[in-house]
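A.B. asks: For reference, this is start33.csv, and it has CSV, C-alpha atoms.
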chain,number,residue,atom,x,y,z
A,6,MET,CA,10.4,-9.9,20.3
A,7,SER,CA,12.0,-7.3,22.5
A,8,THR,CA,15.4,-8.5,21.4
A,9,LEU,CA,14.5,-8.2,17.7
A,10,LEU,CA,13.0,-4.7,18.3
A,11,ALA,CA,16.2,-3.7,20.1
A,12,LEU,CA,18.3,-4.9,17.2
A,13,LEU,CA,16.1,-3.0,14.7
A,14,ASP,CA,16.2,0.1,16.8
A,15,SER,CA,20.0,-0.1,17.1
A,16,PHE,CA,20.4,-0.2,13.4
A,17,ASP,CA,17.7,2.3,12.6
A,18,ASP,CA,19.2,4.9,14.9
A,19,ARG,CA,22.5,5.0,13.0
A,20,PRO,CA,23.0,8.1,10.7
A,21,ALA,CA,23.6,5.9,7.7
A,22,ALA,CA,20.3,4.1,8.3
A,23,ARG,CA,18.4,7.4,8.6
A,24,ASP,CA,20.0,8.5,5.3
A,25,LEU,CA,18.9,5.2,3.7
A,26,ARG,CA,15.3,5.6,4.9
A,27,GLU,CA,15.3,9.1,3.5
A,28,LEU,CA,16.4,7.7,0.1
A,29,THR,CA,13.5,5.2,0.1
A,30,TYR,CA,10.9,7.9,1.0
A,31,ARG,CA,11.6,9.9,-2.2
A,32,GLY,CA,8.5,10.2,-4.3
A,33,LEU,CA,6.3,8.4,-1.9
A,34,THR,CA,3.1,10.5,-1.5
A,35,GLY,CA,-0.6,10.0,-1.0
A,36,THR,CA,-1.3,6.6,0.4
A,37,VAL,CA,1.7,4.4,1.0
A,38,VAL,CA,1.9,0.7,2.2
A,39,ASP,CA,5.0,-0.3,4.0
A,40,VAL,CA,5.4,-4.1,3.7
A,41,GLY,CA,7.3,-5.9,6.4
A,42,CYS,CA,6.9,-2.8,8.5
A,43,GLY,CA,8.5,-4.4,11.6
A,44,GLY,CA,8.5,-1.9,14.5
A,45,GLY,CA,6.7,0.7,12.3
A,46,ARG,CA,9.4,3.4,12.2
A,47,ALA,CA,9.0,4.1,8.5
A,48,VAL,CA,5.2,4.2,8.9
A,49,GLY,CA,5.5,6.8,11.7
A,50,GLU,CA,8.0,8.9,9.7
A,51,LEU,CA,5.9,8.8,6.6
A,52,ALA,CA,2.8,9.8,8.6
A,53,ALA,CA,4.6,12.7,10.1
A,54,ARG,CA,5.2,13.9,6.5
A,55,GLY,CA,1.5,14.0,5.8
A,56,VAL,CA,1.3,10.6,4.0
A,57,ARG,CA,-1.4,8.1,4.8
A,58,ALA,CA,0.9,5.3,5.8
A,59,ILE,CA,-0.2,1.7,6.2
A,60,GLY,CA,2.1,-0.8,7.8
A,61,VAL,CA,1.8,-4.5,7.0
A,62,ASP,CA,3.6,-7.4,8.7
A,63,LEU,CA,3.0,-11.1,9.1
A,64,ASN,CA,4.2,-11.0,12.7
A,65,ALA,CA,1.2,-10.1,14.9
A,66,ALA,CA,3.3,-9.2,17.9
A,67,MET,CA,5.4,-6.9,15.8
A,68,VAL,CA,2.3,-5.2,14.4
A,69,GLU,CA,1.0,-4.8,18.0
A,70,ALA,CA,4.3,-3.1,19.0
A,71,ALA,CA,4.3,-0.9,16.0
A,72,ALA,CA,0.7,0.3,16.6
A,73,GLU,CA,1.7,1.2,20.2
A,74,ARG,CA,4.8,3.1,19.1
A,75,TRP,CA,3.4,4.9,16.2
A,76,PRO,CA,-0.3,5.7,16.8
A,77,ALA,CA,-0.5,8.0,13.8
A,78,GLY,CA,0.0,5.0,11.5
A,79,GLU,CA,-2.4,2.2,10.3
A,80,PHE,CA,-1.2,-1.4,10.8
A,81,HIS,CA,-2.4,-4.8,9.7
A,82,VAL,CA,-1.3,-8.4,10.0
A,83,ALA,CA,-1.1,-9.7,6.5
A,84,ASP,CA,1.1,-11.6,4.1
A,85,ALA,CA,3.2,-9.7,1.5
A,86,THR,CA,1.6,-11.7,-1.3
A,87,ALA,CA,-2.0,-11.1,-0.1
A,88,LEU,CA,-2.3,-7.4,1.0
A,89,PRO,CA,-5.6,-6.3,2.6
A,90,LEU,CA,-5.9,-3.6,-0.1
A,91,GLY,CA,-8.0,-3.2,-3.3
A,92,ASP,CA,-6.6,-3.0,-6.8
A,93,GLY,CA,-4.9,0.4,-7.3
A,94,ALA,CA,-5.6,1.4,-3.7
A,95,VAL,CA,-2.2,3.0,-3.0
A,96,THR,CA,0.1,5.4,-4.7
A,97,GLY,CA,3.3,4.2,-3.0
A,98,TYR,CA,4.7,0.8,-2.0
A,99,ARG,CA,7.8,0.2,0.1
A,100,ALA,CA,9.4,-3.1,1.1
A,101,ASP,CA,12.4,-2.8,3.3
A,102,LYS,CA,14.5,-5.8,4.5
A,103,VAL,CA,11.7,-8.3,3.8
A,104,LEU,CA,11.9,-10.0,0.4
A,105,HIS,CA,14.8,-12.2,1.4
A,106,ALA,CA,12.6,-13.8,4.0
A,107,LEU,CA,9.8,-14.7,1.6
A,108,PRO,CA,9.3,-18.1,-0.1
A,109,ASP,CA,8.5,-16.2,-3.4
A,110,PRO,CA,9.8,-12.6,-3.6
A,111,GLY,CA,8.4,-12.4,-7.2
A,112,ALA,CA,4.9,-13.0,-6.0
A,113,ALA,CA,5.2,-10.0,-3.5
A,114,VAL,CA,6.3,-7.7,-6.3
A,115,THR,CA,3.4,-8.9,-8.5
A,116,GLU,CA,1.1,-8.0,-5.5
A,117,ALA,CA,2.8,-4.6,-5.3
A,118,CYS,CA,1.8,-4.1,-9.0
A,119,ARG,CA,-1.8,-5.0,-8.2
A,120,VAL,CA,-2.3,-2.6,-5.2
A,121,LEU,CA,-0.5,0.3,-6.9
A,122,ALA,CA,-2.5,2.8,-8.9
A,123,PRO,CA,-1.1,3.7,-12.4
A,124,GLY,CA,1.8,6.1,-11.9
A,125,GLY,CA,2.4,4.8,-8.4
A,126,ARG,CA,5.9,4.2,-7.1
A,127,ALA,CA,7.4,1.0,-5.7
A,128,VAL,CA,10.6,1.0,-3.6
A,129,LEU,CA,12.4,-2.2,-2.8
A,130,THR,CA,15.3,-2.1,-0.4
A,131,GLY,CA,17.4,-4.6,1.6
A,132,GLN,CA,20.8,-6.1,2.3
A,133,ASP,CA,22.7,-8.6,0.3
A,134,TRP,CA,23.4,-11.3,2.9
A,135,ASP,CA,26.1,-13.0,0.9
A,136,ALA,CA,28.1,-9.8,0.5
A,137,ILE,CA,29.0,-8.9,4.1
A,138,LEU,CA,32.5,-7.6,4.4
A,139,ILE,CA,34.4,-8.4,7.6
A,140,ASP,CA,38.1,-7.9,8.4
A,141,SER,CA,39.4,-11.0,10.1
A,142,ASP,CA,42.5,-12.9,10.9
A,143,ASP,CA,40.9,-15.9,9.2
A,144,PRO,CA,39.4,-14.9,5.9
A,145,GLY,CA,38.5,-18.4,4.8
A,146,ARG,CA,36.5,-19.1,8.0
A,147,THR,CA,34.9,-15.7,7.8
A,148,ARG,CA,33.8,-16.3,4.2
A,149,ALA,CA,32.3,-19.7,5.2
A,150,LEU,CA,30.4,-18.1,8.1
A,151,VAL,CA,29.0,-15.4,5.9
A,152,HIS,CA,27.8,-18.0,3.3
A,153,ALA,CA,26.4,-20.2,6.0
A,154,ARG,CA,24.4,-17.3,7.5
A,155,ALA,CA,23.1,-16.4,4.1
A,156,ASP,CA,22.0,-19.9,3.4
A,157,ARG,CA,19.7,-19.9,6.5
A,158,LEU,CA,17.4,-17.5,4.5
A,159,PRO,CA,15.1,-18.4,1.7
A,160,HIS,CA,16.5,-15.8,-0.7
A,161,PRO,CA,19.6,-14.2,0.7
A,162,ARG,CA,20.8,-12.7,-2.6
A,163,VAL,CA,17.4,-11.4,-3.8
A,164,ALA,CA,18.6,-7.7,-3.5
A,165,ARG,CA,20.7,-8.4,-6.6
A,166,ARG,CA,17.4,-9.1,-8.4
A,167,TYR,CA,15.4,-6.1,-7.4
A,168,ARG,CA,15.8,-4.3,-10.7
A,169,ASN,CA,14.8,-7.3,-12.7
A,170,LEU,CA,11.8,-8.1,-10.4
A,171,LEU,CA,10.5,-4.6,-11.1
A,172,LEU,CA,11.1,-4.8,-14.8
A,173,ASP,CA,9.6,-8.3,-15.1
A,174,ASN,CA,6.4,-6.9,-13.5
A,175,GLY,CA,6.1,-4.0,-16.0
A,176,PHE,CA,7.6,-1.2,-13.9
A,177,THR,CA,9.2,1.7,-15.8
A,178,GLY,CA,11.9,4.2,-15.0
A,179,VAL,CA,13.6,1.7,-12.8
A,180,THR,CA,16.6,3.0,-10.9
A,181,VAL,CA,19.1,1.2,-8.6
A,182,GLU,CA,21.4,2.5,-5.9
A,183,VAL,CA,23.7,0.8,-3.4
A,184,ARG,CA,24.4,2.2,0.0
A,185,THR,CA,26.8,0.6,2.4
A,186,ALA,CA,26.4,0.4,6.2
A,187,VAL,CA,29.7,0.4,8.0
A,188,TRP,CA,30.5,-0.5,11.6
A,189,THR,CA,33.8,0.0,13.3
A,190,ASP,CA,32.6,-0.3,16.9
A,191,ALA,CA,30.9,-2.8,19.2
A,192,ALA,CA,27.4,-1.9,18.0
A,193,CYS,CA,27.6,-4.7,15.4
A,194,LEU,CA,28.7,-7.5,17.8
A,195,PRO,CA,25.1,-8.8,18.2
A,196,MET,CA,24.9,-9.2,14.5
A,197,LEU,CA,28.3,-11.0,14.4
A,198,ALA,CA,27.2,-13.2,17.3
A,199,ASP,CA,24.2,-14.2,15.2
A,200,LEU,CA,26.5,-14.9,12.3
A,201,ALA,CA,28.9,-17.1,14.2
A,202,GLY,CA,27.7,-17.9,17.7
A,203,GLU,CA,30.1,-18.0,20.7
A,204,GLY,CA,33.7,-19.0,20.1
A,205,ASP,CA,37.2,-17.8,19.2
A,206,TRP,CA,36.0,-16.1,15.9
A,207,LEU,CA,33.6,-13.9,17.9
A,208,GLU,CA,36.3,-13.3,20.5
A,209,GLU,CA,38.6,-12.0,17.9
A,210,GLN,CA,35.9,-9.6,16.6
A,211,THR,CA,35.2,-8.5,20.2
A,212,ALA,CA,38.9,-7.7,20.7
A,213,ARG,CA,39.0,-5.8,17.5
A,214,ALA,CA,36.0,-3.7,18.7
A,215,ARG,CA,37.8,-3.1,22.0
A,216,ASP,CA,41.0,-2.1,20.2
A,217,ASP,CA,39.3,0.1,17.6
A,218,ARG,CA,40.3,-2.3,14.8
A,219,LEU,CA,36.8,-3.6,13.8
A,220,PHE,CA,35.5,-3.3,10.2
A,221,VAL,CA,32.2,-4.7,9.0
A,222,ALA,CA,30.3,-3.4,5.9
A,223,LEU,CA,27.0,-4.5,4.6
A,224,PRO,CA,25.6,-3.3,1.2
A,225,PHE,CA,22.0,-2.3,0.8
A,226,VAL,CA,20.3,-2.2,-2.6
A,227,VAL,CA,17.6,0.4,-3.3
A,228,ALA,CA,15.5,-0.2,-6.4
A,229,ALA,CA,12.5,1.9,-7.5
A,230,GLY,CA,10.1,2.0,-10.4
A,231,VAL,CA,6.8,3.4,-11.6
A,232,ARG,CA,3.7,1.3,-12.1
Just dump the structure as structure tokens.
C.D. replies:
Amino acid sequence: MSTLLALLDSFDDRPAARDLRELTYRGLTGTVVDVGCGGGRAVGELAARGVRAIGVDLNAAMVEAAAERWPAGEFHVADATALPLGDGAVTGYRADKVLHALPDPGAAVTEACRVLAPGGRAVLTGQDWDAILIDSDDPGRTRALVHARADRLPHPRVARRYRNLLLDNGFTGVTVEVRTAVWTDAACLPMLADLAGEGDWLEEQTARARDDRLFVALPFVVAAGVR
């Protein structure tokens, strides 16, 4: 758990990640549920803005850590498809980097529709795992590694469907933006190690980082709509 939190913190501390979170906070007021809250940073930041922020995650240890880190927030262990909230109980819904890990992302968006009051806003954001861009001396192998990593997830390409998921559940005024996280330094080497494991491919990327020749880019999709 400490390793996962460290990886999340490393990404969340980057200026591009802060800008992405700011984008997802637009229009979220009143009572907001953050689904897949992880370490709770978004809940803490929303609470600091005067929002009643509720964090939900299926990982009990993560929820415990989030509650310790962000005491101003409210946290619960729950499934994204069975939120501990009444019908129309919230005015905002946020799901960040979580739908790709769910067996049925559509069911989670249907649940978002249930807990949102009329006029409430939903924001879905996450990376497209099959669209990671990596400069490499072996493009074919790199492409194979990216696809293999994506295929370890239940729905690695669900970010491409965010707009349609919202439309299919009756959301209106749906908008979509894409922001790209870019790494040119060794900060992304843990992510690349997860992608490929140890070996000559990772050694090449490590050398690129050392020589200031690394390039990794990951697109994030942000879709929002009104209930």
A.B. asks: Using all atoms listed in the file, which residue out of A:Ala70, A:Leu138, A:Ala83, A:Val120 lies closest to Thr36 in chain A?
C.D. replies: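 Ranking A:Ala70, A:Leu138, A:Ala83, A:Val120 by distance to Thr36 in chain A, first place goes to A:Val120.
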A.B. asks: State, in Å with one decimal place, the distance from CA of Ala77 in chain A to CA of Arg57 in chain A.
C.D. replies: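 Value for the CA of Ala77 in chain A-CA of Arg57 in chain A distance: 9.0 Å.
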A.B. asks: For Leu207 in chain A, list every protein, DNA or RNA residue within 8 Å, evaluated using only C-alpha atoms, and leave out those in the same chain fewer than 4 positions away; present the list as a list in words.
C.D. replies: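 Near neighbours after the sequence-gap exclusion: Leu197, Ala198, Ala201, Gly202, Glu203 and Thr211 of chain A.
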A.B. asks: So, counting all atoms listed in the file, which residue among A:Leu150, A:Ile139, A:Ala122, A:Leu200 is closest to Ala186 in chain A?
C.D. replies: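 Nearest to Ala186 in chain A: A:Ile139.
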A.B. asks: CA of Val187 in chain A to CA of Phe220 in chain A: how many Å, to one decimal?
C.D. replies: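 Result for CA of Val187 in chain A versus CA of Phe220 in chain A: 7.2 Å, one decimal.
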A.B. asks: Quick one: residues within 7 Å of Tyr98 in chain A, only C-alpha atoms counted, chain neighbours fewer than 3 positions away excluded, as a count of residues only?
C.D. replies: 7
A.B. asks: Using all atoms listed in the file, which residue out of A:Arg154, A:Arg165, A:Arg148, A:Arg119 lies closest to Arg232 in chain A?
C.D. replies: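 Of A:Arg154, A:Arg165, A:Arg148, A:Arg119, the one nearest Arg232 in chain A is A:Arg119, counting all atoms listed in the file.
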A.B. asks: So, counting all atoms listed in the file, which residue among A:His152, A:Val114, A:Glu79, A:Tyr30 is closest to Asn169 in chain A?
C.D. replies: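 Answer, going by the shortest atom-to-atom distance: A:Val114.
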A.B. asks: Identify which of the residues A:Cys193, A:Val151, A:Val227, A:Ala113 lies closest to Ala164 in chain A, counting all atoms listed in the file when measuring atom-to-atom distances.
C.D. replies: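 Going through A:Cys193, A:Val151, A:Val227, A:Ala113 one by one, the smallest distance to Ala164 in chain A is for A:Val227.
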A.B. asks: Can you pull out every residue within 10 Å of range 47-55 of chain A, counting all atoms listed in the file, but drop anything in the same chain fewer than 6 positions away, and send it as a list of chain:residue names?
C.D. replies: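 The filter keeps A:Asp17, A:Arg23, A:Arg26, A:Glu27, A:Thr29, A:Tyr30, A:Leu33, A:Thr34, A:Gly35, A:Thr36, A:Val37, A:Val38, A:Asp39, A:Val40, A:Val61, A:Ala71, A:Ala72, A:Arg74, A:Trp75, A:Pro76, A:Ala77, A:Gly78, A:Glu79, A:Phe80, A:Arg99, A:Asp101.
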A.B. asks: One decimal, Å: what's the distance from CA of Asp173 in chain A over to CA of Leu158 in chain A, could you say?
C.D. replies: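 Distance between the two atoms: 23.0 Å.
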A.B. asks: Considering all atoms listed in the file, state which residue in the set A:Leu88, A:Cys118, A:Leu104, A:Val231 is at the smallest distance from Asn174 in chain A.
C.D. replies: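 With all atoms listed in the file as the atom set, the closest residue is A:Cys118.
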A.B. asks: List the spatial neighbours of Tyr167 in chain A as an MDAnalysis selection string - criterion: any atom at most 9 Å away, all atoms listed in the file, same-chain residues fewer than 5 positions off excluded.
C.D. replies: chainID A and resid 129:130 172 181 226:229
A.B. asks: Please identify all polymer residues within 8 Å of Leu63 in chain A, counting only C-alpha atoms, omitting same-chain residues fewer than 4 positions from it, and present them as a list in words.
C.D. replies: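 Non-adjacent residues within range: Gly41, Val68, Val82, Ala83, Asp84 and Ala85 of chain A.
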